[in-house]
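Peer 1: Take this structure, written in structure tokens, and hold onto it; I'll ask about it next.
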Amino acid sequence: MARFYVLPPLEHVELALSRFFADWLPGLPLGPAAARRMLEVLVGEPADDSAAFIVHRDHLPGSGNLIADLTQGFGAEDGDEAIEIAWDGRRTELKRHCVGALGIPEERCG
């Protein structure tokens, strides 16, 4: 089983990381450029668990159907899981999705 972490749009992730840098490393000149480099490292390096993938929402085909996009664009298969991450600037929301046979979403995971 593979797990896909679907991140919010790049500009949201960059803003969140920029805020993190400002809070945790005050005074260092780390802004959106540093956040983008950090994202490139995270996405470019394979995870310790080779069945975990980070996907930027901006890189999805854009059909409006998350499971179909992951199936067609990233090879998600029956039994895989997607963790969809949304952020509104203050709050993070996670939604868990399972891929069923033929890329059809299932009601329950695992």
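Residue numbering restarts at 1 in every chain; chains get A, B, ... in the order shown in the structure tokens, and ligands count up from 1 in that same order.
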List the neighbours of Gly75 in chain A out to 12 Å using only C-alpha atoms; skip same-chain residues closer than 5 positions along the sequence, and give me the result as a PyMOL selection string.
Peer 2: chain A and resi 1-4+51+53+55+60+67-70+80-81+99+102-103
Peer 1: Mind listing the helix (DSSP H, G or I) residues of chain A, per DSSP on the backbone, as a VMD selection string?
Peer 2: chain A and resid 10 to 24 32 to 44 57 to 59 66 to 74 101 to 103
Peer 1: Pick from A:Phe74, A:His97, A:Glu84, A:Phe21: nearest to Val6 in chain A, with only C-alpha atoms counted?
Peer 2: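 Answer, going by the shortest atom-to-atom distance: A:Glu84.
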Peer 1: Using the chain letters and numbers from this document, which residues of range 6-98 of chain A does DSSP assign to strand (DSSP E or B), as a PyMOL selection string?
Peer 2: chain A and resi 6-7+52-56+81-87+92-98
Peer 1: Which polymer residues have any atom within 10 Å of an atom of Gly31 in chain A, counting only C-alpha atoms, with same-chain residues fewer than 4 positions away left out, as a PyMOL selection string?
Peer 2: chain A and resi 14-15+17-22+35-36
Peer 1: Smallest atom-to-atom distance to Thr92 in chain A: which of A:Gly62, A:Leu10, A:Pro29, A:Ala16, using only C-alpha atoms?
Peer 2: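 That would be A:Ala16, the residue with the smallest distance to Thr92 in chain A.
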Peer 1: Set the distance at 12 Å and use only C-alpha atoms: which residues neighbour Leu94 in chain A once local chain neighbours fewer than 6 positions away are removed? I'd like the list as JSON, numbers by chain.
Peer 2: {"A": [5, 6, 7, 8, 82, 83, 84, 85, 86, 87, 88]}
Peer 1: CA of His56 in chain A and CA of Val13 in chain A are how many Å apart?
Peer 2: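 Answer for the CA of His56 in chain A to CA of Val13 in chain A separation: 9.2 Å.
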Peer 1: Can you work out the spacing between CA of Ile54 in chain A and CA of Asp23 in chain A in Å, to one decimal?
Peer 2: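 Straight-line distance from CA of Ile54 in chain A to CA of Asp23 in chain A works out to 24.5 Å.
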Peer 1: How many Å separate CA of Gly79 in chain A from CA of Leu66 in chain A?
Peer 2: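 CA of Leu66 in chain A lies 14.9 Å from CA of Gly79 in chain A.
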Peer 1: Would you mind telling me which residue in A:Glu77, A:Ala52, A:Cys98, A:Glu11 lies nearest to Pro32 in chain A when using only C-alpha atoms?
Peer 2: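 For Pro32 in chain A, the nearest of the candidates is A:Glu11.
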